[in-house]
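Structure, as structure tokens:
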Amino acid sequence: MHTTRQDFEQYLCQTYAPAPFVPVSGKGAYLVDDEGRRYLDLTGGIAVNAFGHAPDFLIDALTKQAKQLWHVSNCFTNAPALALARTLVSRTFANRVFFCNSGAEANEAALKLARKHGRARGATKILSFAKSFHGRTLFTVATGGQPKYSKDFAPLPASIEHLPLGDVAAFDAAMDRSVCAVIIEPILGEGGVVPVDCDFLQHVRHACDAQGALLIFDEVQTGMGRTGHLFAYEATGVTPDVLTSAKGLGGGFPIGAMLCGIRAADVFGVGDHGTTFGGNPLACACALAVLEKIDQTLLDNVRAASETLRAALSALPIIKEVRGKGLLLGAVLADAHADKALHFVKCAQEEGLLVLNAGNNVIRLAPPLNIQKEELKTAWTLLQKASARFLAD
Ligand SMILES: *Cc1c(COP(=O)(O)O)cnc(C)c1O
């Protein structure tokens with residue numbers, strides 16, 4: 001069947017405004033559209049394609065599993081899910097893992113778990129932060145700190161409070177025995193690539209310990225090697241009770257996970273929560289292959305590439321500040337160009353370069369973790385060209 005970009009307006013719910021071209025194939029950091037145009041892709045499918053497009057080792061892992069077993073339901077367990085869970089537990093703070101299909105589902109599981117954990121002592125309140133993003137289910141839009149995502153869907157789940165990020169006094173005023181969980185992204189992703197101060201995270205950790213609340217780190221965007229660590233918490237000096245992962249976990253195959261430390265590991269019992277596709281063998285085989293590729297060599301590449309891209313972004317005349325860590329970088333537009341991030345995204349596309357925005361004022365990069373020197377050189381050139389085009393418009 002021949003399709004065109006116009007079909008999007010006719011046949012798809014208009015929840016997105018995708019680029020004017022249709023990608024048809026990709027390899028590594030490059031994407032090709034339906035007119036044969038090639039783009040250097042620094043979006044990584046929004047921090048999903050940890051090893052770029054169609055990496056050979058993932059094609060192998062997926063096709064090997066596809067010839068063996070696709071789906072069995074949770075009436076059975078399966079070898080890829082067991083191997084993935086064991087590997088996640090051995091490489092993190094976690095004691096147990098729950099598998100699902102997306103970041104929102106991982107957070108939904110974590111929030112439900114927290115409510116159940118707090119139930120016996122009547123603790124229901126969830127503390128969250130302004131500008132945070134946790135997904136698009138009703139519970140996760142209500143928990144996220146961006147009212148634009150929840151305003152049309154009331155009545156929302158109750159007993160959720162949003163606090164200014166990093167404000168110790170506001171946090172202390174809200175934190176009491178009625179709190180069942182605090183949920184936080186170590187670096188706000190969608191909220192503009194905003195790193196959270198480690199001292200604040202420590203403060204939150206101590207307060208959770210004192211009040212018996214669970215600390216949930218949403219590492220859907222920051223996890224799986226993205227910041228130069230397997231998970232970002234490793235560099236904060238703070239260990240959460242629950243950590244959620246998705247995006248990069250399957251390297252492009254949909255999968256989410258909730259990792260549970262000792263206080264959370266036995267909260268859910270048989271029948272408390274579930275999902276048809278969670279722990280699917282195809283998804284778990286991909287995630288296991290991805291996890292095995294995240295070694296010190298790869299993390300070193302993330303850190304080195306980060307320095308190069310940070311320098312490239314800082315050198316642009318339209319940028320006033322570069323934030324973030326590893327290969328999750330946010331470049332803040334100078335005041336003269338405020339709120340024109342989407343315009344930059346468009347100029348970059350016209351130069352054959354794909355970048356993301358994070359809000360209206362930040363250009364976000366989340367390229368493949370194994371991005372190569374040659375591709376970084378090209379990125380530098382194309383960023384300059386996109387910036388020049390942006391200034392000329
Ligand atoms: C993308 C994202 C989510 C939502 O993940 P989905 O797979 O889109 O449901 C949740 N939290 C953070 C931090 C994210 O970046």
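Following the order of the structure tokens, chains are lettered A, B, ..., residues in each are numbered from 1, and ligands are numbered from 1.
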Taking 5 positions as the minimum chain separation for residues in the same chain, which residues sit within 9 Å of Thr276 in chain A when counting only C-alpha atoms? Answer as a PyMOL selection string.
chain A and resi 73-74+100
Kindly save the residues from that selection, with all heavy atoms included, as an mmCIF file, in the first residue's frame.
data_model
loop_
_atom_site.group_PDB
_atom_site.id
_atom_site.type_symbol
_atom_site.label_atom_id
_atom_site.label_comp_id
_atom_site.auth_asym_id
_atom_site.auth_seq_id
_atom_site.Cartn_x
_atom_site.Cartn_y
_atom_site.Cartn_z
ATOM 1 N N SER A 73 1.626 -15.175 28.048
ATOM 2 C CA SER A 73 0.798 -14.625 29.135
ATOM 3 C C SER A 73 1.462 -14.856 30.475
ATOM 4 O O SER A 73 2.407 -15.642 30.587
ATOM 5 C CB SER A 73 -0.615 -15.227 29.164
ATOM 6 O OG SER A 73 -0.644 -16.416 29.955
ATOM 7 N N ASN A 74 0.931 -14.177 31.486
ATOM 8 C CA ASN A 74 1.524 -14.282 32.814
ATOM 9 C C ASN A 74 1.016 -15.492 33.599
ATOM 10 O O ASN A 74 1.303 -15.622 34.794
ATOM 11 C CB ASN A 74 1.330 -12.979 33.569
ATOM 12 C CG ASN A 74 2.173 -11.876 32.942
ATOM 13 O OD1 ASN A 74 3.382 -12.018 32.820
ATOM 14 N ND2 ASN A 74 1.541 -10.804 32.476
ATOM 15 N N CYS A 100 6.457 -4.194 32.465
ATOM 16 C CA CYS A 100 5.270 -3.667 31.788
ATOM 17 C C CYS A 100 5.726 -3.188 30.406
ATOM 18 O O CYS A 100 6.744 -3.678 29.905
ATOM 19 C CB CYS A 100 4.640 -2.572 32.627
ATOM 20 S SG CYS A 100 5.831 -1.320 33.150
#
Please list as number ranges by chain every residue within 7 Å of range 49-54 of chain A, counting only C-alpha atoms and excluding residues in the same chain fewer than 3 positions away.
A: 26-29, 44-45, 59, 248, 251-252, 368-370
Residues from the last selection, N, CA and C atoms, saved as a short mmCIF file (atom, residue, chain, number, x, y, z; two decimals), in the first residue's frame:
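Resulting contents of selection_29.cif:
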data_model
loop_
_atom_site.label_atom_id
_atom_site.label_comp_id
_atom_site.auth_asym_id
_atom_site.auth_seq_id
_atom_site.Cartn_x
_atom_site.Cartn_y
_atom_site.Cartn_z
N GLY A 26 16.49 3.10 8.78
CA GLY A 26 17.56 3.75 9.52
C GLY A 26 18.64 2.76 9.84
N LYS A 27 19.86 3.27 10.00
CA LYS A 27 20.97 2.43 10.45
C LYS A 27 21.86 3.30 11.32
N GLY A 28 22.14 2.83 12.53
CA GLY A 28 22.98 3.60 13.44
C GLY A 28 22.37 4.97 13.71
N ALA A 29 23.18 6.02 13.55
CA ALA A 29 22.70 7.37 13.86
C ALA A 29 22.00 8.03 12.68
N GLY A 44 17.41 10.06 18.91
CA GLY A 44 17.37 8.70 19.46
C GLY A 44 15.95 8.23 19.75
N GLY A 45 14.98 8.66 18.92
CA GLY A 45 13.59 8.27 19.19
C GLY A 45 13.14 8.71 20.57
N ILE A 59 18.93 -6.94 16.15
CA ILE A 59 18.26 -7.72 15.11
C ILE A 59 18.46 -9.21 15.41
N GLY A 248 14.89 3.72 26.86
CA GLY A 248 16.06 3.03 26.33
C GLY A 248 16.14 1.55 26.66
N GLY A 251 15.87 -0.66 23.73
CA GLY A 251 16.62 -0.21 22.57
C GLY A 251 15.74 0.05 21.35
N GLY A 252 14.44 0.27 21.55
CA GLY A 252 13.51 0.50 20.44
C GLY A 252 12.35 -0.48 20.49
N PRO A 368 22.20 8.28 19.99
CA PRO A 368 22.61 6.93 20.37
C PRO A 368 23.81 6.98 21.31
N LEU A 369 23.85 6.07 22.28
CA LEU A 369 24.94 6.05 23.27
C LEU A 369 26.27 5.64 22.64
N ASN A 370 26.20 4.96 21.49
CA ASN A 370 27.43 4.52 20.82
C ASN A 370 27.78 5.43 19.65
#
Residues of chain A at most 9 Å from ligand 1: nearest atom pair and distance in Å, only C-alpha atoms and all ligand atoms, as JSON lines:
{"residue": "A:Ile46", "atom": "CA", "partner": "ligand 1", "partner_atom_place_in_ligand_line": "1 (C)", "distance": 7.7}
{"residue": "A:Ala47", "atom": "CA", "partner": "ligand 1", "partner_atom_place_in_ligand_line": "15 (O)", "distance": 8.2}
{"residue": "A:Asn101", "atom": "CA", "partner": "ligand 1", "partner_atom_place_in_ligand_line": "7 (O)", "distance": 7.4}
{"residue": "A:Ser102", "atom": "CA", "partner": "ligand 1", "partner_atom_place_in_ligand_line": "7 (O)", "distance": 3.8}
{"residue": "A:Gly103", "atom": "CA", "partner": "ligand 1", "partner_atom_place_in_ligand_line": "5 (O)", "distance": 3.3}
{"residue": "A:Ala104", "atom": "CA", "partner": "ligand 1", "partner_atom_place_in_ligand_line": "9 (O)", "distance": 3.5}
{"residue": "A:Glu105", "atom": "CA", "partner": "ligand 1", "partner_atom_place_in_ligand_line": "9 (O)", "distance": 6.2}
{"residue": "A:Ala106", "atom": "CA", "partner": "ligand 1", "partner_atom_place_in_ligand_line": "9 (O)", "distance": 7.9}
{"residue": "A:Asn107", "atom": "CA", "partner": "ligand 1", "partner_atom_place_in_ligand_line": "10 (C)", "distance": 7.0}
{"residue": "A:Ser132", "atom": "CA", "partner": "ligand 1", "partner_atom_place_in_ligand_line": "13 (C)", "distance": 7.5}
{"residue": "A:Phe133", "atom": "CA", "partner": "ligand 1", "partner_atom_place_in_ligand_line": "11 (N)", "distance": 5.3}
{"residue": "A:His134", "atom": "CA", "partner": "ligand 1", "partner_atom_place_in_ligand_line": "11 (N)", "distance": 3.7}
{"residue": "A:Gly135", "atom": "CA", "partner": "ligand 1", "partner_atom_place_in_ligand_line": "4 (C)", "distance": 3.8}
{"residue": "A:Arg136", "atom": "CA", "partner": "ligand 1", "partner_atom_place_in_ligand_line": "9 (O)", "distance": 6.3}
{"residue": "A:Thr137", "atom": "CA", "partner": "ligand 1", "partner_atom_place_in_ligand_line": "9 (O)", "distance": 7.9}
{"residue": "A:Thr140", "atom": "CA", "partner": "ligand 1", "partner_atom_place_in_ligand_line": "10 (C)", "distance": 8.1}
{"residue": "A:Gly144", "atom": "CA", "partner": "ligand 1", "partner_atom_place_in_ligand_line": "11 (N)", "distance": 8.7}
{"residue": "A:Ile184", "atom": "CA", "partner": "ligand 1", "partner_atom_place_in_ligand_line": "13 (C)", "distance": 8.5}
{"residue": "A:Glu185", "atom": "CA", "partner": "ligand 1", "partner_atom_place_in_ligand_line": "13 (C)", "distance": 5.9}
{"residue": "A:Pro186", "atom": "CA", "partner": "ligand 1", "partner_atom_place_in_ligand_line": "13 (C)", "distance": 8.8}
{"residue": "A:Ile187", "atom": "CA", "partner": "ligand 1", "partner_atom_place_in_ligand_line": "13 (C)", "distance": 8.2}
{"residue": "A:Leu188", "atom": "CA", "partner": "ligand 1", "partner_atom_place_in_ligand_line": "13 (C)", "distance": 6.7}
{"residue": "A:Gly189", "atom": "CA", "partner": "ligand 1", "partner_atom_place_in_ligand_line": "15 (O)", "distance": 5.5}
{"residue": "A:Glu190", "atom": "CA", "partner": "ligand 1", "partner_atom_place_in_ligand_line": "15 (O)", "distance": 6.0}
{"residue": "A:Gly191", "atom": "CA", "partner": "ligand 1", "partner_atom_place_in_ligand_line": "13 (C)", "distance": 8.9}
{"residue": "A:Phe217", "atom": "CA", "partner": "ligand 1", "partner_atom_place_in_ligand_line": "13 (C)", "distance": 9.0}
{"residue": "A:Asp218", "atom": "CA", "partner": "ligand 1", "partner_atom_place_in_ligand_line": "13 (C)", "distance": 5.5}
{"residue": "A:Glu219", "atom": "CA", "partner": "ligand 1", "partner_atom_place_in_ligand_line": "13 (C)", "distance": 5.9}
{"residue": "A:Val220", "atom": "CA", "partner": "ligand 1", "partner_atom_place_in_ligand_line": "12 (C)", "distance": 4.7}
{"residue": "A:Gln221", "atom": "CA", "partner": "ligand 1", "partner_atom_place_in_ligand_line": "15 (O)", "distance": 4.2}
{"residue": "A:Thr222", "atom": "CA", "partner": "ligand 1", "partner_atom_place_in_ligand_line": "13 (C)", "distance": 7.3}
{"residue": "A:Thr244", "atom": "CA", "partner": "ligand 1", "partner_atom_place_in_ligand_line": "11 (N)", "distance": 8.1}
{"residue": "A:Ser245", "atom": "CA", "partner": "ligand 1", "partner_atom_place_in_ligand_line": "11 (N)", "distance": 8.3}
{"residue": "A:Ala246", "atom": "CA", "partner": "ligand 1", "partner_atom_place_in_ligand_line": "7 (O)", "distance": 6.1}
{"residue": "A:Lys247", "atom": "CA", "partner": "ligand 1", "partner_atom_place_in_ligand_line": "7 (O)", "distance": 5.9}
{"residue": "A:Pro254", "atom": "CA", "partner": "ligand 1", "partner_atom_place_in_ligand_line": "7 (O)", "distance": 7.9}
{"residue": "A:Ile255", "atom": "CA", "partner": "ligand 1", "partner_atom_place_in_ligand_line": "7 (O)", "distance": 8.1}
{"residue": "A:Gly256", "atom": "CA", "partner": "ligand 1", "partner_atom_place_in_ligand_line": "7 (O)", "distance": 7.3}
DSSP alpha helix (DSSP H) selection over range 157-373 of chain A, as a PyMOL selection string:
chain A and resi 168-174+198-211+281-293+296-314+341-350+373
So that I can see what lies close to range 86-97 of chain A, please list as a list in words the residues with an atom at most 7 Å from it, counting only C-alpha atoms and leaving out residues fewer than 2 positions away in the same chain.
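Once the nearby chain positions are removed, what remains is Leu82, Ala83, Leu84, Phe99, Ala257, Met258, Leu259, Cys260, Gly261, Ile262 and Ala265 of chain A.
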Just give me the gap between CA of Ser314 in chain A and CA of Leu165 in chain A in Å, one decimal is fine.
25.3 Å
Could you find all residues in range 95-195 of chain A that DSSP calls strand (DSSP E or B) from the backbone, and write them as a PyMOL selection string?
chain A and resi 96-100+125-129+160-163+179-184+187-188+194-195
Between CA of Ile318 in chain A and CA of Thr43 in chain A, distance in Å (one decimal):
19.6 Å
Rows by chain and residue number, range 102-165 of chain A within 12 Å of range 198-213 of chain A, shortest pair, only C-alpha atoms, as JSON lines:
{"residue": "A:Leu111", "atom": "CA", "partner": "A:Ala213", "partner_atom": "CA", "distance": 11.8}
{"residue": "A:Leu113", "atom": "CA", "partner": "A:Ala213", "partner_atom": "CA", "distance": 11.5}
{"residue": "A:Ala114", "atom": "CA", "partner": "A:Ala213", "partner_atom": "CA", "distance": 8.1}
{"residue": "A:Arg115", "atom": "CA", "partner": "A:Ala213", "partner_atom": "CA", "distance": 10.0}
{"residue": "A:Lys116", "atom": "CA", "partner": "A:Ala213", "partner_atom": "CA", "distance": 11.4}
{"residue": "A:His117", "atom": "CA", "partner": "A:Ala213", "partner_atom": "CA", "distance": 8.5}
{"residue": "A:Gly118", "atom": "CA", "partner": "A:Ala213", "partner_atom": "CA", "distance": 7.4}
{"residue": "A:Arg119", "atom": "CA", "partner": "A:Ala213", "partner_atom": "CA", "distance": 11.1}
{"residue": "A:Ala120", "atom": "CA", "partner": "A:Gly212", "partner_atom": "CA", "distance": 11.7}
{"residue": "A:Arg121", "atom": "CA", "partner": "A:Gly212", "partner_atom": "CA", "distance": 9.7}
{"residue": "A:Gly122", "atom": "CA", "partner": "A:Ala213", "partner_atom": "CA", "distance": 11.5}
{"residue": "A:Ala123", "atom": "CA", "partner": "A:Ala213", "partner_atom": "CA", "distance": 8.3}
{"residue": "A:Thr124", "atom": "CA", "partner": "A:Ala213", "partner_atom": "CA", "distance": 9.8}
{"residue": "A:Lys125", "atom": "CA", "partner": "A:Ala213", "partner_atom": "CA", "distance": 9.5}
{"residue": "A:Ile126", "atom": "CA", "partner": "A:Ala213", "partner_atom": "CA", "distance": 9.2}
{"residue": "A:Leu127", "atom": "CA", "partner": "A:Ala213", "partner_atom": "CA", "distance": 10.0}
{"residue": "A:Ser128", "atom": "CA", "partner": "A:Val204", "partner_atom": "CA", "distance": 11.3}
{"residue": "A:Phe129", "atom": "CA", "partner": "A:Val204", "partner_atom": "CA", "distance": 12.0}
{"residue": "A:Pro164", "atom": "CA", "partner": "A:Phe200", "partner_atom": "CA", "distance": 11.7}
{"residue": "A:Leu165", "atom": "CA", "partner": "A:Phe200", "partner_atom": "CA", "distance": 8.8}
Output for the residues just chosen: N, CA and C atoms as a tab-separated table (two decimals), in the first residue's frame:
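Written file, out36.tsv:
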chain	number	residue	atom	x	y	z
A	111	LEU	N	3.25	4.05	41.62
A	111	LEU	CA	2.33	4.87	42.42
A	111	LEU	C	1.30	3.99	43.13
A	113	LEU	N	1.79	0.89	43.97
A	113	LEU	CA	2.55	0.20	45.01
A	113	LEU	C	2.71	1.09	46.25
A	114	ALA	N	3.01	2.36	45.99
A	114	ALA	CA	3.20	3.30	47.11
A	114	ALA	C	1.91	3.47	47.91
A	115	ARG	N	0.77	3.57	47.20
A	115	ARG	CA	-0.52	3.70	47.91
A	115	ARG	C	-0.77	2.46	48.76
A	116	LYS	N	-0.44	1.29	48.21
A	116	LYS	CA	-0.67	0.07	48.98
A	116	LYS	C	0.27	0.02	50.19
A	117	HIS	N	1.51	0.44	49.99
A	117	HIS	CA	2.50	0.45	51.07
A	117	HIS	C	2.05	1.36	52.21
A	118	GLY	N	1.46	2.50	51.85
A	118	GLY	CA	1.06	3.47	52.88
A	118	GLY	C	-0.29	3.18	53.52
A	119	ARG	N	-1.04	2.28	52.92
A	119	ARG	CA	-2.44	2.07	53.28
A	119	ARG	C	-2.66	1.73	54.75
A	120	ALA	N	-1.86	0.82	55.27
A	120	ALA	CA	-2.06	0.35	56.65
A	120	ALA	C	-1.98	1.50	57.65
A	121	ARG	N	-1.13	2.49	57.36
A	121	ARG	CA	-0.99	3.62	58.31
A	121	ARG	C	-1.73	4.86	57.82
A	122	GLY	N	-2.55	4.71	56.80
A	122	GLY	CA	-3.38	5.82	56.33
A	122	GLY	C	-2.61	6.88	55.56
A	123	ALA	N	-1.45	6.53	55.04
A	123	ALA	CA	-0.65	7.49	54.27
A	123	ALA	C	-1.02	7.37	52.80
A	124	THR	N	-1.62	8.44	52.24
A	124	THR	CA	-2.06	8.40	50.84
A	124	THR	C	-1.41	9.47	49.98
A	125	LYS	N	-0.84	10.49	50.62
A	125	LYS	CA	-0.38	11.66	49.86
A	125	LYS	C	0.87	11.35	49.03
A	126	ILE	N	0.84	11.80	47.77
A	126	ILE	CA	2.00	11.66	46.89
A	126	ILE	C	2.58	13.05	46.65
A	127	LEU	N	3.87	13.19	46.88
A	127	LEU	CA	4.53	14.47	46.60
A	127	LEU	C	5.28	14.37	45.28
A	128	SER	N	5.05	15.39	44.45
A	128	SER	CA	5.67	15.45	43.14
A	128	SER	C	6.17	16.88	42.92
A	129	PHE	N	6.78	17.15	41.78
A	129	PHE	CA	7.40	18.46	41.59
A	129	PHE	C	6.92	19.16	40.32
A	164	PRO	N	7.55	23.17	44.39
A	164	PRO	CA	8.64	23.73	43.56
A	164	PRO	C	9.90	22.88	43.73
A	165	LEU	N	10.56	22.57	42.62
A	165	LEU	CA	11.72	21.69	42.65
A	165	LEU	C	12.89	22.35	43.39
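Our summary of the geometry notes that CA of Thr143 in chain A is positioned 9.7 Å from CA of Glu108 in chain A.
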With a distance cut-off of 10 Å and only C-alpha atoms, select the neighbouring residues of Leu138 in chain A, excluding the residue or stretch itself and same-chain residues fewer than 6 positions from it, and output the selection as a short mmCIF file (atom, residue, chain, number, x, y, z; two decimals) with C-alpha atoms, in the first residue's frame.
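Wrote result_31.cif, looks like this:
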data_model
loop_
_atom_site.label_atom_id
_atom_site.label_comp_id
_atom_site.auth_asym_id
_atom_site.auth_seq_id
_atom_site.Cartn_x
_atom_site.Cartn_y
_atom_site.Cartn_z
CA ALA A 104 3.68 5.55 32.17
CA GLU A 108 1.47 3.72 37.39
CA GLY A 144 3.21 15.07 36.72
CA TYR A 149 -1.45 17.50 30.37
CA SER A 150 -4.18 17.00 33.00
CA PHE A 153 -9.42 15.22 32.27
CA ALA A 154 -10.83 16.00 35.71
CA PRO A 155 -11.81 14.53 38.07
CA LEU A 156 -8.24 13.44 38.68
CA PRO A 157 -6.90 10.98 41.26
#
10 Å contact set for Pro147 in chain A, only C-alpha atoms, chain neighbours under 6 positions out, as a ChimeraX atom specification:
/A:130-131,141
Expected file: the selected residues, all heavy atoms, as a PDB file, in the first residue's frame:
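Produced file selection22.pdb, reproduced below:
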ATOM      1  N   ALA A 130       6.900  20.484  40.391  1.00  0.00           N
ATOM      2  CA  ALA A 130       6.500  21.313  39.257  1.00  0.00           C
ATOM      3  C   ALA A 130       7.362  20.975  38.046  1.00  0.00           C
ATOM      4  O   ALA A 130       8.564  20.753  38.172  1.00  0.00           O
ATOM      5  CB  ALA A 130       6.652  22.792  39.607  1.00  0.00           C
ATOM      6  N   LYS A 131       6.738  20.934  36.884  1.00  0.00           N
ATOM      7  CA  LYS A 131       7.388  20.685  35.589  1.00  0.00           C
ATOM      8  C   LYS A 131       7.826  19.236  35.377  1.00  0.00           C
ATOM      9  O   LYS A 131       8.421  18.903  34.364  1.00  0.00           O
ATOM     10  CB  LYS A 131       8.581  21.617  35.363  1.00  0.00           C
ATOM     11  CG  LYS A 131       8.173  23.075  35.290  1.00  0.00           C
ATOM     12  CD  LYS A 131       9.230  23.886  34.567  1.00  0.00           C
ATOM     13  CE  LYS A 131       8.723  25.303  34.374  1.00  0.00           C
ATOM     14  NZ  LYS A 131       9.755  26.303  34.521  1.00  0.00           N
ATOM     15  N   VAL A 141      -0.610  11.633  34.663  1.00  0.00           N
ATOM     16  CA  VAL A 141      -0.742  13.069  34.326  1.00  0.00           C
ATOM     17  C   VAL A 141      -1.108  13.871  35.569  1.00  0.00           C
ATOM     18  O   VAL A 141      -0.704  15.028  35.718  1.00  0.00           O
ATOM     19  CB  VAL A 141      -1.763  13.413  33.198  1.00  0.00           C
ATOM     20  CG1 VAL A 141      -1.235  13.040  31.839  1.00  0.00           C
ATOM     21  CG2 VAL A 141      -3.143  12.869  33.443  1.00  0.00           C
TER      22      VAL A 141
END
